[in-house]
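Structure file query_22.cif; described as mmCIF, C-alpha atoms.
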data_final
#
loop_
_atom_site.label_atom_id
_atom_site.label_comp_id
_atom_site.auth_asym_id
_atom_site.auth_seq_id
_atom_site.Cartn_x
_atom_site.Cartn_y
_atom_site.Cartn_z
CA MET A 77 0.00 0.00 0.00
CA LYS A 78 1.74 3.12 -1.20
CA ILE A 79 0.37 6.34 0.18
CA ASN A 80 2.02 9.68 -0.26
CA TYR A 81 1.30 12.49 2.14
CA PRO A 82 3.71 15.11 0.83
CA THR A 83 2.21 17.92 2.80
CA LYS A 84 1.45 16.02 5.99
CA ARG A 85 3.08 17.43 9.09
CA ILE A 86 4.04 15.06 11.82
CA SER A 87 4.61 15.74 15.49
CA TYR A 88 8.15 14.97 16.53
CA GLY A 89 8.06 12.64 19.49
CA SER A 90 7.17 9.13 20.48
CA ALA A 91 3.44 9.77 20.32
CA SER A 92 3.48 10.75 16.65
CA THR A 93 0.71 9.05 14.74
CA THR A 94 1.54 6.77 11.84
CA SER A 95 -0.42 5.10 9.13
CA ARG A 96 0.86 1.69 10.19
CA ARG A 97 -1.95 1.13 12.68
CA GLY A 98 0.10 1.43 15.83
CA MET A 99 2.14 -1.68 15.07
CA SER A 100 5.85 -1.20 15.43
CA LEU A 101 8.13 -2.08 12.56
CA GLU A 102 9.58 -4.83 14.73
CA ASP A 103 6.11 -6.33 15.33
CA ASP A 104 5.38 -6.24 11.60
CA ILE A 105 8.65 -7.92 10.67
CA ASN A 106 8.31 -10.51 13.42
CA SER A 107 4.78 -11.41 12.38
CA SER A 108 5.89 -11.61 8.74
CA ASN A 109 8.74 -13.91 9.79
CA ASP A 110 6.25 -16.08 11.70
CA TYR A 111 4.19 -16.31 8.52
CA TYR A 112 7.24 -17.23 6.42
CA LEU A 113 8.23 -19.89 8.95
CA ALA A 114 4.74 -21.37 9.31
CA ASN A 115 4.44 -21.61 5.53
CA ASN A 116 7.93 -23.03 5.08
CA ILE A 117 9.01 -20.08 2.95
CA ALA A 118 12.02 -18.96 4.98
CA VAL A 119 13.59 -19.24 8.42
CA ILE A 120 14.38 -15.75 9.64
CA HIS A 121 14.50 -14.69 13.28
CA LYS A 122 15.19 -11.54 15.22
CA LYS A 123 18.22 -11.89 17.43
CA PRO A 124 17.62 -11.24 21.11
CA THR A 125 18.64 -7.82 22.43
CA PRO A 126 22.07 -8.24 24.01
CA VAL A 127 22.14 -7.69 27.75
CA GLN A 128 25.12 -7.54 30.10
CA VAL A 129 24.04 -9.34 33.25
CA VAL A 130 25.69 -8.03 36.43
CA ASP A 131 23.72 -9.61 39.31
CA VAL A 132 21.53 -12.68 39.49
CA SER A 133 19.63 -13.95 42.50
CA TYR A 134 18.12 -17.38 43.07
CA PRO A 135 14.94 -17.02 45.15
CA SER A 136 14.21 -20.70 44.55
CA ARG A 137 16.41 -23.54 43.41
CA ASN A 138 15.58 -23.54 39.71
CA LYS A 139 14.65 -19.93 39.20
CA ALA A 140 17.24 -17.32 38.33
CA VAL A 141 16.18 -13.68 38.59
CA ILE A 142 18.41 -11.09 36.99
CA THR A 143 18.51 -8.16 39.41
CA LYS A 144 21.00 -5.92 37.63
CA ALA A 145 21.82 -5.75 33.93
CA PHE A 146 22.55 -3.27 31.17
CA TYR A 147 21.65 -3.10 27.52
CA LYS A 148 24.66 -3.62 25.27
CA VAL A 149 25.24 -2.22 21.80
CA PRO A 150 24.43 -5.03 19.34
CA SER A 151 27.52 -6.30 17.52
CA THR A 152 25.64 -7.26 14.39
CA THR A 153 22.25 -6.63 12.82
CA ASP A 154 18.84 -7.51 14.23
CA TYR A 155 17.68 -10.15 11.77
CA ASN A 156 19.20 -13.08 9.94
CA GLY A 157 18.25 -16.41 8.48
CA ILE A 158 17.87 -18.40 5.29
CA TYR A 159 15.70 -17.91 2.20
CA MET A 160 15.99 -19.61 -1.19
CA GLY A 161 19.15 -21.27 0.10
CA LYS A 162 20.74 -17.86 0.69
CA TYR A 163 21.99 -16.33 3.90
CA ILE A 164 19.85 -13.24 4.61
CA ASP A 165 20.94 -10.46 6.99
CA PHE A 166 19.35 -7.10 7.67
CA GLU A 167 18.70 -4.28 10.03
CA ALA A 168 15.34 -2.51 10.27
CA LYS A 169 14.98 1.16 11.12
CA GLU A 170 12.16 3.65 11.38
CA THR A 171 12.49 7.38 11.01
CA ILE A 172 10.11 10.22 11.77
CA SER A 173 11.87 12.40 9.22
CA THR A 174 9.81 13.09 6.10
CA THR A 175 12.69 14.17 3.91
CA SER A 176 15.60 11.80 4.53
CA PHE A 177 16.92 8.83 6.48
CA PRO A 178 19.64 9.97 8.94
CA LEU A 179 22.59 7.57 8.76
CA ARG A 180 23.44 8.08 12.43
CA ASN A 181 20.62 5.55 13.02
CA ILE A 182 22.97 2.81 11.87
CA HIS A 183 26.10 1.84 13.81
CA GLU A 184 29.34 1.69 11.87
CA HIS A 185 29.95 -1.94 12.91
CA GLN A 186 26.56 -2.85 11.46
CA ILE A 187 27.65 -1.43 8.10
CA VAL A 188 30.95 -3.31 8.37
CA HIS A 189 29.01 -6.47 9.22
CA LEU A 190 26.65 -6.10 6.24
CA LYS A 191 29.55 -5.44 3.86
CA SER A 192 31.21 -8.58 5.08
CA ILE A 193 27.99 -10.59 4.59
CA VAL A 194 27.67 -9.42 0.99
CA GLU A 195 31.35 -10.23 0.32
CA HIS A 196 30.70 -13.78 1.55
CA GLY A 197 27.77 -14.24 -0.83
CA GLY A 198 24.93 -13.34 1.50
CA ILE A 199 22.07 -10.90 0.96
CA GLY A 200 22.48 -7.81 3.13
CA PHE A 201 20.15 -4.84 3.25
CA ILE A 202 18.34 -2.40 5.50
CA ILE A 203 14.59 -2.02 5.82
CA ILE A 204 13.84 1.67 6.23
CA CYS A 205 10.38 2.89 7.19
CA PHE A 206 9.16 6.45 7.04
CA LYS A 207 6.68 6.69 9.89
CA SER A 208 5.03 9.80 8.51
CA CYS A 209 3.72 8.14 5.35
CA GLY A 210 3.98 4.53 6.48
CA GLU A 211 6.19 3.50 3.58
CA CYS A 212 8.78 0.79 4.15
CA TYR A 213 11.60 0.08 1.72
CA VAL A 214 14.17 -2.64 1.19
CA VAL A 215 17.33 -0.60 0.68
CA PRO A 216 20.21 -2.61 -0.79
CA LEU A 217 23.57 -2.11 0.84
CA ASN A 218 25.17 -0.39 -2.16
CA ILE A 219 22.78 2.56 -1.84
CA ILE A 220 23.53 2.83 1.88
CA LEU A 221 27.28 2.71 1.23
CA GLU A 222 27.13 5.35 -1.45
CA TYR A 223 25.85 7.85 1.11
CA TYR A 224 27.59 6.42 4.16
CA GLU A 225 31.01 6.60 2.57
CA SER A 226 30.58 10.04 1.10
CA GLU A 227 31.99 12.89 3.13
CA GLU A 228 29.25 15.37 2.51
CA ARG A 229 25.99 13.65 3.30
CA LYS A 230 25.00 12.03 6.54
CA SER A 231 21.55 11.11 5.37
CA ILE A 232 19.87 9.51 2.37
CA PRO A 233 17.19 11.74 0.83
CA TYR A 234 13.68 10.28 0.79
CA SER A 235 13.54 11.01 -2.94
CA VAL A 236 16.56 8.75 -3.56
CA ILE A 237 15.06 5.93 -1.53
CA LYS A 238 11.71 6.34 -3.28
CA GLU A 239 13.40 6.18 -6.68
CA ARG A 240 16.11 3.57 -6.18
CA ALA A 241 15.05 1.34 -3.26
CA TYR A 242 12.13 -1.10 -3.26
CA LEU A 243 8.80 -0.30 -1.64
CA ILE A 244 7.49 -3.20 0.45
CA LYS A 245 3.89 -4.12 -0.15
CA GLU A 246 1.88 -4.10 3.04
CA GLY A 247 -0.87 -6.61 3.50
CA PHE A 248 -2.67 -8.83 5.96
CA ARG A 249 -0.46 -11.90 5.80
CA PRO A 250 2.41 -11.36 5.74
CA ARG A 251 2.15 -7.82 7.08
CA LEU A 252 5.30 -6.69 5.30
CA ASP A 253 6.17 -8.97 2.42
CA TYR A 254 9.82 -7.96 2.21
CA LEU A 255 10.92 -11.37 0.91
CA LYS A 256 9.04 -10.73 -2.32
CA ILE A 257 11.61 -8.02 -2.99
CA VAL A 258 14.51 -10.11 -1.71
CA LYS A 259 13.47 -12.80 -4.19
CA GLU A 260 13.77 -10.30 -7.04
CA LEU A 261 17.15 -9.18 -5.73
CA ILE A 262 18.38 -12.79 -5.58
CA GLU A 263 17.08 -13.56 -9.07
CA SER A 264 18.76 -10.45 -10.48
CA ILE A 265 22.22 -11.39 -9.18
CA MET B 52 44.95 -32.78 18.76
CA LYS B 53 43.15 -36.02 19.56
CA ILE B 54 43.80 -37.33 23.03
CA ASN B 55 42.03 -40.34 24.48
CA TYR B 56 41.86 -40.83 28.19
CA PRO B 57 39.71 -43.97 28.32
CA THR B 58 40.39 -44.71 31.96
CA LYS B 59 40.28 -41.15 33.24
CA ARG B 60 37.67 -40.60 35.95
CA ILE B 61 36.08 -37.25 36.23
CA SER B 62 34.46 -35.59 39.20
CA TYR B 63 30.81 -34.81 38.55
CA GLY B 64 30.16 -31.18 39.27
CA SER B 65 30.96 -27.76 38.01
CA ALA B 66 34.52 -27.92 39.29
CA SER B 67 35.38 -31.00 37.23
CA THR B 68 38.70 -30.68 35.49
CA THR B 69 38.90 -31.03 31.76
CA SER B 70 41.68 -31.32 29.26
CA ARG B 71 40.52 -28.14 27.54
CA ARG B 72 42.53 -25.88 29.82
CA GLY B 73 39.64 -24.37 31.69
CA MET B 74 38.23 -22.66 28.61
CA SER B 75 34.53 -23.20 28.15
CA LEU B 76 33.25 -24.55 24.87
CA GLU B 77 31.54 -21.22 24.32
CA ASP B 78 34.83 -19.33 24.79
CA ASP B 79 36.58 -21.65 22.35
CA ILE B 80 33.90 -21.27 19.69
CA ASN B 81 33.70 -17.51 20.17
CA SER B 82 37.46 -17.11 19.83
CA SER B 83 37.45 -19.35 16.75
CA ASN B 84 34.67 -17.22 15.27
CA ASP B 85 36.73 -14.08 16.01
CA TYR B 86 39.62 -15.70 14.13
CA TYR B 87 37.39 -16.60 11.17
CA LEU B 88 36.00 -13.07 11.06
CA ALA B 89 39.40 -11.35 11.39
CA ASN B 90 40.77 -13.52 8.57
CA ASN B 91 37.73 -13.03 6.37
CA ILE B 92 36.99 -16.77 6.36
CA ALA B 93 33.44 -16.67 7.68
CA VAL B 94 30.99 -14.46 9.55
CA ILE B 95 29.53 -16.49 12.40
CA HIS B 96 28.27 -15.04 15.67
CA LYS B 97 26.75 -16.31 18.87
CA LYS B 98 23.27 -14.98 19.39
CA PRO B 99 22.72 -13.12 22.64
CA THR B 100 21.03 -15.06 25.44
CA PRO B 101 17.36 -14.10 25.36
CA VAL B 102 16.19 -12.20 28.41
CA GLN B 103 12.66 -11.15 29.37
CA VAL B 104 12.99 -7.67 30.84
CA VAL B 105 10.39 -6.88 33.53
CA ASP B 106 11.61 -3.67 35.20
CA VAL B 107 13.95 -0.95 34.02
CA SER B 108 15.06 2.10 35.96
CA TYR B 109 16.68 5.28 34.66
CA PRO B 110 19.07 6.62 37.28
CA SER B 111 20.30 9.16 34.75
CA ARG B 112 18.84 10.43 31.53
CA ASN B 113 20.66 8.21 29.07
CA LYS B 114 21.34 5.18 31.21
CA ALA B 115 18.85 2.35 31.49
CA VAL B 116 19.43 -0.18 34.26
CA ILE B 117 17.48 -3.41 34.06
CA THR B 118 16.41 -4.19 37.62
CA LYS B 119 14.30 -7.30 37.03
CA ALA B 120 14.55 -9.80 34.22
CA PHE B 121 14.38 -13.52 33.55
CA TYR B 122 16.26 -15.84 31.25
CA LYS B 123 14.07 -17.14 28.44
CA VAL B 124 14.33 -20.46 26.63
CA PRO B 125 16.09 -19.75 23.30
CA SER B 126 13.79 -20.22 20.32
CA THR B 127 16.57 -21.24 17.97
CA THR B 128 20.19 -22.35 18.19
CA ASP B 129 23.13 -20.43 19.63
CA TYR B 130 25.21 -19.80 16.52
CA ASN B 131 24.59 -18.86 12.93
CA GLY B 132 26.25 -17.11 10.05
CA ILE B 133 27.72 -17.52 6.59
CA TYR B 134 30.61 -19.62 5.28
CA MET B 135 31.49 -20.45 1.67
CA GLY B 136 28.27 -18.70 0.66
CA LYS B 137 26.23 -21.12 2.78
CA TYR B 138 23.98 -20.43 5.72
CA ILE B 139 25.49 -22.14 8.78
CA ASP B 140 23.48 -22.90 11.93
CA PHE B 141 24.47 -24.90 14.98
CA GLU B 142 24.12 -25.55 18.66
CA ALA B 143 27.09 -26.40 20.89
CA LYS B 144 26.81 -28.68 23.91
CA GLU B 145 29.17 -30.14 26.46
CA THR B 146 28.56 -33.28 28.46
CA ILE B 147 30.33 -34.75 31.47
CA SER B 148 29.15 -38.21 30.49
CA THR B 149 31.96 -40.47 29.26
CA THR B 150 29.71 -42.98 27.51
CA SER B 151 27.01 -41.07 25.66
CA PHE B 152 25.49 -37.70 24.81
CA PRO B 153 22.09 -37.32 26.53
CA LEU B 154 19.56 -35.90 24.06
CA ARG B 155 17.65 -34.07 26.79
CA ASN B 156 20.44 -31.47 26.43
CA ILE B 157 18.80 -30.31 23.21
CA HIS B 158 15.37 -28.68 23.13
CA GLU B 159 12.84 -30.10 20.70
CA HIS B 160 12.34 -26.71 19.02
CA GLN B 161 16.09 -26.56 18.35
CA ILE B 162 15.86 -29.88 16.50
CA VAL B 163 12.83 -28.61 14.57
CA HIS B 164 14.76 -25.43 13.76
CA LEU B 165 17.83 -27.32 12.50
CA LYS B 166 15.66 -29.64 10.36
CA SER B 167 14.06 -26.61 8.81
CA ILE B 168 17.47 -25.04 8.10
CA VAL B 169 18.69 -28.16 6.32
CA GLU B 170 15.45 -28.34 4.28
CA HIS B 171 16.08 -24.76 3.13
CA GLY B 172 19.60 -25.61 1.94
CA GLY B 173 21.55 -24.53 5.01
CA ILE B 174 24.17 -26.47 6.95
CA GLY B 175 22.83 -27.55 10.35
CA PHE B 176 24.73 -29.51 12.98
CA ILE B 177 25.57 -29.79 16.64
CA ILE B 178 29.00 -29.49 18.18
CA ILE B 179 29.22 -32.01 21.02
CA CYS B 180 32.12 -31.98 23.47
CA PHE B 181 32.96 -34.69 25.95
CA LYS B 182 34.49 -32.83 28.87
CA SER B 183 36.15 -35.94 30.28
CA CYS B 184 38.45 -36.49 27.32
CA GLY B 185 38.27 -33.02 25.80
CA GLU B 186 37.09 -34.28 22.42
CA CYS B 187 34.73 -32.09 20.39
CA TYR B 188 32.82 -33.36 17.38
CA VAL B 189 30.80 -31.88 14.56
CA VAL B 190 27.72 -34.10 14.58
CA PRO B 191 25.60 -33.77 11.42
CA LEU B 192 21.87 -33.49 11.97
CA ASN B 193 21.03 -36.85 10.41
CA ILE B 194 22.91 -38.69 13.18
CA ILE B 195 21.12 -36.64 15.84
CA LEU B 196 17.74 -37.33 14.22
CA GLU B 197 18.37 -41.05 13.97
CA TYR B 198 18.60 -41.24 17.76
CA TYR B 199 16.23 -38.41 18.58
CA GLU B 200 13.40 -39.89 16.57
CA SER B 201 13.86 -43.44 17.79
CA GLU B 202 11.63 -44.53 20.63
CA GLU B 203 14.17 -46.52 22.56
CA ARG B 204 17.24 -44.34 22.97
CA LYS B 205 17.43 -40.98 24.57
CA SER B 206 21.17 -40.65 24.12
CA ILE B 207 23.79 -41.12 21.42
CA PRO B 208 26.57 -43.52 22.46
CA TYR B 209 30.07 -42.04 22.52
CA SER B 210 31.18 -44.94 20.32
CA VAL B 211 28.72 -43.90 17.60
CA ILE B 212 29.86 -40.28 17.72
CA LYS B 213 33.52 -41.36 17.67
CA GLU B 214 32.88 -43.54 14.63
CA ARG B 215 30.42 -41.50 12.58
CA ALA B 216 30.83 -37.85 13.59
CA TYR B 217 33.85 -35.64 12.89
CA LEU B 218 36.48 -34.89 15.52
CA ILE B 219 37.43 -31.21 15.58
CA LYS B 220 41.13 -30.50 15.60
CA GLU B 221 42.15 -28.32 18.50
CA GLY B 222 44.88 -25.81 18.03
CA PHE B 223 46.11 -22.39 18.93
CA ARG B 224 44.37 -20.32 16.25
CA PRO B 225 41.60 -21.09 15.74
CA ARG B 226 41.10 -22.93 19.03
CA LEU B 227 38.48 -25.24 17.53
CA ASP B 228 38.72 -25.38 13.76
CA TYR B 229 35.20 -26.68 13.21
CA LEU B 230 34.85 -24.97 9.82
CA LYS B 231 37.52 -27.30 8.39
CA ILE B 232 34.97 -30.07 8.88
CA VAL B 233 32.06 -27.97 7.68
CA LYS B 234 34.04 -27.33 4.49
CA GLU B 235 34.31 -31.09 3.91
CA LEU B 236 30.59 -31.47 4.60
CA ILE B 237 29.75 -28.72 2.09
CA GLU B 238 32.06 -30.18 -0.54
CA SER B 239 30.54 -33.64 -0.10
CA ILE B 240 26.96 -32.45 -0.72
#
Please express the file's structure as C-alpha cells.
Amino acid sequence: MKINYPTKRISYGSASTTSRRGMSLEDDINSSNDYYLANNIAVIHKKPTPVQVVDVSYPSRNKAVITKAFYKVPSTTDYNGIYMGKYIDFEAKETISTTSFPLRNIHEHQIVHLKSIVEHGGIGFIIICFKSCGECYVVPLNIILEYYESEERKSIPYSVIKERAYLIKEGFRPRLDYLKIVKELIESI
Amino acid sequence: MKINYPTKRISYGSASTTSRRGMSLEDDINSSNDYYLANNIAVIHKKPTPVQVVDVSYPSRNKAVITKAFYKVPSTTDYNGIYMGKYIDFEAKETISTTSFPLRNIHEHQIVHLKSIVEHGGIGFIIICFKSCGECYVVPLNIILEYYESEERKSIPYSVIKERAYLIKEGFRPRLDYLKIVKELIESI
C-alpha cells in the first residue's frame, strides 16, 4: 500500500501518529517472519537484544532472577536467516523524518558487518520505514554505502530511496512482504 | 589434537577438570569465530542469550538499568552465520558423560529449527564436546535425528559419535577449527 502524504506534518516525538496502525516495525517484521516460517518459505529470526548481566539472585532452586543488567550495543544486525538457500541479513529502522533517512541511526559496525555478509555471498540490506507516510523500503547495501562513505551527506534523501530502493507491499499476511523483494534481488544477481 | 583418556575418571560437578585448559566450549567457539572473522573466512556469531525484561530504571537520563529480568528459553540455536556462501546454523553442547550424549540437552524446538534449516539448503549440525576427554565433534543433523526420533534411545553412544561424527582439531588459532569439517561437509553435498 503506497500512500504519499507530501504535505502532511508530523509531530516529533514518540506519540506521533503513523499510518501503520500502531504496530511497530519490529512487530510487523516478526509477524511476517512467523508467517514465512509457518508456511515453510524462509527461516528468519530476530536476534535477542544483548544484555550484560551483572547480578543474578536465586529465590528458589531452579529460578534465576536477573537483578541488575545493562543493555549492550548489538555487535551485528537484528535479523538473519535463510531464504531460497541464501543467507539473509538485515537491520530494520524507522524514522520520523519526512525528507531523509539519517545515517546516524545505523552503527558503523553494522555497516561493516553487512559489507562482510555481501562479500561472503549473503544478501544484506536495510529495511527503512518512514513513519510519517507509512512507507517501508528494502534498501540494498550499495545505496547505503554510497551515502555512508561520502563525506558530505550524513543522510539519504527520501527522494533517492523512493526512486532507487524497493517499496514493500503491506498486507494482511504477511504484514510486510519484504521477501518478495529479496526474491527479485536474488534472481537479479 | 586427539587425546584419548579412556580410563580417566572425572568428578561430577561444576569444578570438574577437563583437558581443555579451563576454557569453556563457548569461549573456544567464540574465539574461533573471532579468528574466522578477522581472517575473512566466515561471519559467524553467537546470538545473545534471550532475556525477558520486567523492570527498568533510569538513574540518569541516558542510562537504562534493568532491575528485574528472567532468562528465556532460546527459540533457535546459539550460533549462525555464513561460510562459503552457505547459511550455517548450529548448537554447541558439552557433556560430562563419558559414555554417551544425553539428548535431553537439546530442546525439541532446536531440532525442529535445524531440520528446517537443512530443508532450506543450510548447513545444520551440533558441536558435542565430551568434557572428560576433551574431544569435540561436529555431529551432522542426520545422526542426531536417527537417535532423537527413535523410541528406545534418549542418548547417542560415545562410540557412535567417535565412529560416525567428525572430531574437531584443537589448536592455537583457531582454538576449535570446526569450519575445516564444515568445508568437507559442504564439498561432499
Contact residues around region 215-229 of chain A with all atoms listed in the file at 10 Å, ignoring same-chain residues under 3 positions, as a compact mmCIF listing (two decimals) with C-alpha atoms, keeping the file's coordinate frame:
# COMPACT_ATOMS: atom_id res chain seq x y z
CA PHE A 166 19.35 -7.10 7.67
CA ALA A 168 15.34 -2.51 10.27
CA PRO A 178 19.64 9.97 8.94
CA LEU A 179 22.59 7.57 8.76
CA ARG A 180 23.44 8.08 12.43
CA ILE A 182 22.97 2.81 11.87
CA GLU A 184 29.34 1.69 11.87
CA ILE A 187 27.65 -1.43 8.10
CA LEU A 190 26.65 -6.10 6.24
CA LYS A 191 29.55 -5.44 3.86
CA VAL A 194 27.67 -9.42 0.99
CA ILE A 199 22.07 -10.90 0.96
CA GLY A 200 22.48 -7.81 3.13
CA PHE A 201 20.15 -4.84 3.25
CA ILE A 202 18.34 -2.40 5.50
CA ILE A 203 14.59 -2.02 5.82
CA ILE A 204 13.84 1.67 6.23
CA CYS A 212 8.78 0.79 4.15
CA ILE A 232 19.87 9.51 2.37
CA PRO A 233 17.19 11.74 0.83
CA VAL A 236 16.56 8.75 -3.56
CA ILE A 237 15.06 5.93 -1.53
CA LYS A 238 11.71 6.34 -3.28
CA ARG A 240 16.11 3.57 -6.18
CA ALA A 241 15.05 1.34 -3.26
CA TYR A 242 12.13 -1.10 -3.26
CA LEU A 243 8.80 -0.30 -1.64
CA VAL A 258 14.51 -10.11 -1.71
CA LEU A 261 17.15 -9.18 -5.73
(request) Would you kindly report the residues of chain A within 6 Å of chain B, using only C-alpha atoms, as an MDAnalysis selection string? (result) chainID A and resid 124 126 141:146 161 163 196:197
(request) Give me the result of the PyMOL selection byres ((chain A and resi 250-255) around 9) on this file, residue by residue, as number ranges by chain. (result) A: 104-105, 107-112, 118, 159, 203, 212-214, 243-249, 256-260
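Once the PyMOL selection byres ((chain B and resi 150) around 6) is applied to the depicted file, the selected set reads B:Ser148, B:Thr149, B:Ser151, B:Pro208, B:Tyr209.
Excluding Phe206 (chain A) itself and same-chain residues fewer than 4 positions from it, the residues having an atom within 6 Å of it are Glu170, Thr171, Gly210 and Glu211 of chain A, counting all atoms listed in the file.
CA of Lys169 (chain A) to CA of Ser235 (chain A) spans 17.2 Å [interatomic distance, one decimal].
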(message) What does the structure give for the distance between CA of Leu76 (chain B) and CA of Ser206 (chain B), in Å to one decimal?
(response) 20.1 Å
(request) For CA of Val188 (chain A) and CA of Thr153 (chain A), quote the distance in Å rounded to one decimal. (result) 10.3 Å
